[in-house]
Every structure is written in C-alpha cells, then in structure tokens.
Amino acid sequence: MSIPQSGGGIIEDRSQLTEYLSSGCKPKDDWRIGTEHEKFGYCKDNLLPIPYEGTRSVLAVLEGLRDGHGWAPVEEGGKLIGLEKNGANVSLEPGGQLELSGAPLCTIHETCDEVNAHLKDVKDIADKVGVGFIGLGAAPVWTHEQMPLMPKGRYKLMDSYMGTVGTMGTSMMRRTCTVQVNLDFGSEADMVQKLRVALALQPVATALFANSPFFEGKPNGHKSWRSRIWRDLDDSRTGTLPFVFDDGFGFEQYVDYALDVPMYFVYRNGQYNNALGQSFRDFLRGELPAMPGEKPTLSDWADHLTTCFPEARIKKYMEMRGADGGPWRRLCALPALWTGLMYDQNSLDAAWDLAKGWDLETREALRVAASVDGLQADTHGVKMMDLAREVVALSDAGLKARAKEGAGGLIPDETHFLNTLKESLDSGKTPADELLDQYNGDWDGDLSRIYAEYSY
C-alpha cells in the first residue's frame, strides 16, 4: 500500500488531473525500473504471524533496519510505520506484511542487487529477534483473526469498508503478498499500447508466478488464490479495465475511470479523514461531505489514484500487479519479464500482436483460468503454456536488444533473470505446483514444513 503523497496546490481545473498523469511521460533514456515485493513475517517458535509490537514483531524489524542499516524512520501518529533510504522505502501492508518499494533504477542488475541487499538486511535483523520471512502469494495457514491490523489510519478505514463492497477485501489486506514492477512510458500513445499489453497479458504473469495453492491450512483448488481473492474484492476499483481497449482511450479516459472510483479518505495534518464511498467529482466542486467547502489538491488526487486496484494501473508510471509474491529468484524475474516486453519496441509490438484479437470474454476467461490452473490453463482457444512460451521469448529478445551489461561487463545482458521462468516452462511447474508436490509427497500433508523449507 502507498504512503501519503505530497506536493501540489489546489486543483482549479479538471485538466490538471490529466496533466498530472501525462507529466509522467519521459524520453526513453530516462525510463527506469522500480521493483516492489511483499513478504509475510512469522515467529519462528510457534509459526504464528508477527504482531506490530513486541520482542518478535514488525516494529522490532523496522527498528533494527533503522538502527543497524541506516534507514530513516517514517512515522504516523507517533508509531514507526515505515523507512526511507536512497529513493526506496520499506512499508507495512495491512496485516504486517513487510514491503520493499525499490528506487527507480536503470537495469535489472541494479534492481536485483537492491532486492538482494534488502533481504540480506532483513534476515540479519529477523534472525536476531527470532522471526522469519517467507514469500508466498497468500498466507498458507493463518486465519483472518490471527492477522494483526497495522496501526495506520488508511488501513483502519479500508478494513471497515471492505466488507460492504465484496467478500474478500479483508483477505486481500491481511493475507496476500505480491511482487510488482513499475515502468515508465514515453507518450500518451506509448502508455496506451503498454497498458493494453499489460492488462491483456497479466494472466501470463499470474500463471508463471502462481504461488498460493494453500489457504487456512489446506489446498484451495487454485494455483493463485491471491488472484482469486482480487476477483471478489471491490468491482468499482479492480479488474481488467475493458475501456482501455476502446478506440480513443488515453489519459482523459483513465481520469474518468479514477473519478468514478469511490474514495477512501482525505489525508490532512497527519490524519486520514473518513471519505468512504464519497465522490472525487464532488470534491472537485467543493462539495465533499467529509471536507465541506474544501477543494482537493494534487496530493489528494495522487492519493486517490493509489486506491484504484486494477491488474495494471497508471499514475505517473505504470504498475504491473498480477503476480504472487514468491521465492528469491522470482523477485528479479518479474521486473525482467515486463522490462523485456515493454522497453523494446519490437517486443512490445509483437506482444500486442499476440493479444489484440482477443475480446473481453477471452481476456476475462484467461484471468480466471490462470488463477485456477496456472500454466495448465486452457480456455477460449488459448493454451497458457504456449502463450507463456511466446511471451517469455519476446521478453528475452527485448532484454537482449537492451543489452544492459552487469557485473562490470562480465554479464552481457539481463536475460539470465528469466532463467527461473524458462525452467518452469521446461518442467511445466510453477512454484504452486512444486508446493503441492511437496505437500502431497514428502510433507505428507504437514503444511508447517513450508516455513523451514521456503523462507528467505
């Protein structure tokens, strides 16, 4: 979840909303890669989720990173709820999941170095306080009641609202983790093509990174239960955005969509003011019940954009949001996959050629099938395994064309970050399949084995 935005004066004209998005357009030389990933923390002695406070807690980990690894504190209401350093931040998801939001970097080599350094530092602190961290798309055993709600005003409001608009919102907040990548666009036309490819091919990422076959202590019938949760959360702010594929789509149409997403809050003076279900359109007119007579700032608009949760979304950059959290190697594979597709025009054009003939029914069916069957999905004439092979090959070609060297020139490009995906394609098994094999084999149904064998 995002931290409060800052900067920007009163919105005097609706055109400023569109200009805010379009101001993200950058020349290709300035395109960057930002990797985000979440992970579950647990107490090593009892395998229960870590609370916010205490000897073994999220707070103890944050304080250890602050005091031992040079991170600056971020507080809310006198509580330590995040950290900042070198353009990156560490934040808390609603159920205590620890998230790294990486700095915008030039290459996958750099973003993977950042991920590796972060996980090493987290493990250093976690080992000292008796906790562990594991990368999965959904909490495998814990119930809703066992997951603490972090002391952030945004989460308190969201938690009370989620049950009124869907059946799985609180499960998303407390019991899911993801890995995502944030990428740039060069123009409105570039944004349109990239967002269409991102939304159409997001099921491929869901399938390749499927890593949540367990929930509340048993198999759940899905390879990505995280993806299943997102399908029944809040229809007004989730999904695959069919209007993006309409002729004439651009920044203005995305603004229309975001304006129709019900609000959660207005952030003022360190406080989240309840605006649940209210309209940003009313806010523009100075008629928001939560803030009578007050008009929004660009910071309010930036905050509101963070409450839109489609499978891919735009702010001043684009976020790919369809993958489960997972093992160490896959944290670098996700940004590699999308960078190869999005940052080479030939690969981007070829990726759009794969998907441009699909109708809405096909796109939605692929999303569902990827969640249930992963790489074995087969629907509407599309075999996921074949599609995933084509997508990974296009990404590989795009990364080769980028030719971004690593290790002082010893590594010629970024393609090796796709190796774990190629291994899945060769074996036909995603992390979810491997977990199920273990559960039905050596573990003999003992899901507690997952912590020792799959933690960072």
# chains A, B, ... in the order shown; residues from 1 in each chain; ligands from 1

$ residues_around --residues "Asp127 (chain A)" --least-positions-apart "6" --cutoff "10 Å" --atoms "only C-alpha atoms" --output "list in words"
Lys44, Val61 and Phe133 of chain A

$ write_last_selection --atoms "N, CA and C atoms" --output "CSV table (one decimal), in the first residue's frame"
chain,number,residue,atom,x,y,z
A,44,LYS,N,9.4,-17.7,14.8
A,44,LYS,CA,10.0,-19.0,14.4
A,44,LYS,C,9.5,-20.1,15.4
A,61,VAL,N,11.7,-5.4,13.7
A,61,VAL,CA,12.4,-5.4,12.5
A,61,VAL,C,12.6,-4.1,11.9
A,133,PHE,N,10.8,-14.7,7.5
A,133,PHE,CA,10.0,-14.1,6.4
A,133,PHE,C,9.9,-15.1,5.3

$ select_by_dssp --residues "region 12-249 of chain A" --states "helix (DSSP H, G or I)" --output "count of residues only"
96

$ closest_atom_pairs --of "region 58-155 of chain A" --to "region 386-403 of chain A" --cutoff "12 Å" --atoms "only C-alpha atoms" --output "Markdown table"
| residue | atom | partner | partner_atom | distance |
| --- | --- | --- | --- | --- |
| A:Cys106 | CA | A:Arg402 | CA | 11.1 |
| A:Thr107 | CA | A:Arg402 | CA | 9.5 |
| A:Ile108 | CA | A:Leu399 | CA | 9.6 |
| A:His109 | CA | A:Ala403 | CA | 11.6 |

$ write_last_selection --atoms "N, CA and C atoms" --output "mmCIF file, in the first residue's frame"
data_model
loop_
_atom_site.group_PDB
_atom_site.id
_atom_site.type_symbol
_atom_site.label_atom_id
_atom_site.label_comp_id
_atom_site.auth_asym_id
_atom_site.auth_seq_id
_atom_site.Cartn_x
_atom_site.Cartn_y
_atom_site.Cartn_z
ATOM 1 N N CYS A 106 18.137 1.846 -13.322
ATOM 2 C CA CYS A 106 18.308 1.761 -14.779
ATOM 3 C C CYS A 106 18.228 0.339 -15.322
ATOM 4 N N THR A 107 18.652 -0.654 -14.546
ATOM 5 C CA THR A 107 18.749 -2.009 -15.072
ATOM 6 C C THR A 107 18.193 -3.020 -14.082
ATOM 7 N N ILE A 108 17.924 -4.218 -14.591
ATOM 8 C CA ILE A 108 17.507 -5.312 -13.719
ATOM 9 C C ILE A 108 18.662 -5.714 -12.798
ATOM 10 N N HIS A 109 19.872 -5.599 -13.274
ATOM 11 C CA HIS A 109 21.028 -5.891 -12.420
ATOM 12 C C HIS A 109 20.961 -5.048 -11.144
#

$ select_by_dssp --residues "region 45-257 of chain A" --states "strand (DSSP E)" --output "MDAnalysis selection string"
chainID A and resid 72:76 79:85 88:92 98:101 131:134 178:183 214:215 218:219 238:239

$ closest_atom_pairs --of "region 207-324 of chain A" --to "region 430-435 of chain A" --cutoff "10 Å" --atoms "only C-alpha atoms" --output "Markdown table"
| residue | atom | partner | partner_atom | distance |
| --- | --- | --- | --- | --- |
| A:Ala207 | CA | A:Thr430 | CA | 7.6 |
| A:Leu208 | CA | A:Thr430 | CA | 6.0 |
| A:Phe209 | CA | A:Thr430 | CA | 6.5 |
| A:Ala210 | CA | A:Ala432 | CA | 5.6 |
| A:Asn211 | CA | A:Ala432 | CA | 4.3 |
| A:Ser212 | CA | A:Ala432 | CA | 6.1 |
| A:Pro213 | CA | A:Ala432 | CA | 5.7 |
| A:Phe214 | CA | A:Ala432 | CA | 8.8 |
| A:Pro219 | CA | A:Leu435 | CA | 10.0 |
| A:His222 | CA | A:Ala432 | CA | 8.8 |
| A:Lys223 | CA | A:Ala432 | CA | 5.5 |
| A:Ser224 | CA | A:Ala432 | CA | 7.5 |
| A:Trp225 | CA | A:Ala432 | CA | 10.0 |
| A:Asp324 | CA | A:Pro431 | CA | 9.8 |

$ write_last_selection --atoms "N, CA and C atoms" --output "mmCIF file, in the first residue's frame"
data_model
loop_
_atom_site.group_PDB
_atom_site.id
_atom_site.type_symbol
_atom_site.label_atom_id
_atom_site.label_comp_id
_atom_site.auth_asym_id
_atom_site.auth_seq_id
_atom_site.Cartn_x
_atom_site.Cartn_y
_atom_site.Cartn_z
ATOM 1 N N ALA A 207 0.000 -16.785 -14.066
ATOM 2 C CA ALA A 207 0.281 -18.211 -14.238
ATOM 3 C C ALA A 207 1.728 -18.542 -13.904
ATOM 4 N N LEU A 208 2.667 -17.781 -14.455
ATOM 5 C CA LEU A 208 4.092 -18.074 -14.254
ATOM 6 C C LEU A 208 4.512 -17.914 -12.797
ATOM 7 N N PHE A 209 3.899 -16.979 -12.096
ATOM 8 C CA PHE A 209 4.298 -16.687 -10.724
ATOM 9 C C PHE A 209 3.325 -17.257 -9.697
ATOM 10 N N ALA A 210 2.403 -18.112 -10.134
ATOM 11 C CA ALA A 210 1.403 -18.679 -9.225
ATOM 12 C C ALA A 210 2.087 -19.349 -8.034
ATOM 13 N N ASN A 211 1.709 -18.919 -6.820
ATOM 14 C CA ASN A 211 2.425 -19.375 -5.638
ATOM 15 C C ASN A 211 1.547 -19.282 -4.391
ATOM 16 N N SER A 212 0.256 -19.589 -4.556
ATOM 17 C CA SER A 212 -0.643 -19.548 -3.394
ATOM 18 C C SER A 212 -1.704 -20.640 -3.492
ATOM 19 N N PRO A 213 -1.277 -21.911 -3.451
ATOM 20 C CA PRO A 213 -2.238 -23.009 -3.568
ATOM 21 C C PRO A 213 -2.857 -23.429 -2.239
ATOM 22 N N PHE A 214 -2.451 -22.779 -1.134
ATOM 23 C CA PHE A 214 -2.973 -23.143 0.184
ATOM 24 C C PHE A 214 -3.649 -21.942 0.828
ATOM 25 N N PRO A 219 -5.114 -27.225 0.681
ATOM 26 C CA PRO A 219 -5.191 -26.785 -0.712
ATOM 27 C C PRO A 219 -6.535 -26.118 -0.993
ATOM 28 N N HIS A 222 -6.859 -23.634 -6.292
ATOM 29 C CA HIS A 222 -6.321 -22.640 -7.211
ATOM 30 C C HIS A 222 -4.793 -22.663 -7.129
ATOM 31 N N LYS A 223 -4.153 -22.362 -8.246
ATOM 32 C CA LYS A 223 -2.706 -22.182 -8.210
ATOM 33 C C LYS A 223 -2.357 -20.792 -7.646
ATOM 34 N N SER A 224 -3.218 -19.814 -7.924
ATOM 35 C CA SER A 224 -3.033 -18.469 -7.360
ATOM 36 C C SER A 224 -4.307 -18.052 -6.641
ATOM 37 N N TRP A 225 -4.364 -18.359 -5.349
ATOM 38 C CA TRP A 225 -5.511 -17.931 -4.551
ATOM 39 C C TRP A 225 -5.500 -16.415 -4.382
ATOM 40 N N ASP A 324 1.928 -13.263 -7.862
ATOM 41 C CA ASP A 324 2.076 -13.639 -6.461
ATOM 42 C C ASP A 324 3.477 -13.324 -5.959
#

$ closest_atom_pairs --of "region 303-350 of chain A" --to "region 9-25 of chain A" --cutoff "9 Å" --atoms "only C-alpha atoms" --output "tab-separated table"
residue	atom	partner	partner_atom	distance
A:Ile314	CA	A:Leu21	CA	7.6
A:Lys315	CA	A:Leu21	CA	5.8
A:Lys316	CA	A:Gly24	CA	4.1
A:Tyr317	CA	A:Gly24	CA	6.0

$ write_last_selection --atoms "C-alpha atoms" --output "PDB file, in the first residue's frame"
ATOM      1  CA  ILE A 314      -1.139   4.186 -14.172  1.00  0.00           C
ATOM      2  CA  LYS A 315      -0.052   7.073 -12.033  1.00  0.00           C
ATOM      3  CA  LYS A 316       2.999   8.950 -13.310  1.00  0.00           C
ATOM      4  CA  TYR A 317       4.229   5.496 -14.283  1.00  0.00           C
TER       5      TYR A 317
END

$ closest_residue --among "A:Ala60, A:Ala290, A:Leu298, A:Leu366" --to "Asn273 (chain A)" --atoms "only C-alpha atoms"
A:Ala290

$ atom_distance --atom1 "CA of Asp260 (chain A)" --atom2 "CA of Ser371 (chain A)"
27.3 Å

$ atom_distance --atom1 "CA of Met384 (chain A)" --atom2 "CA of Ala370 (chain A)"
7.6 Å
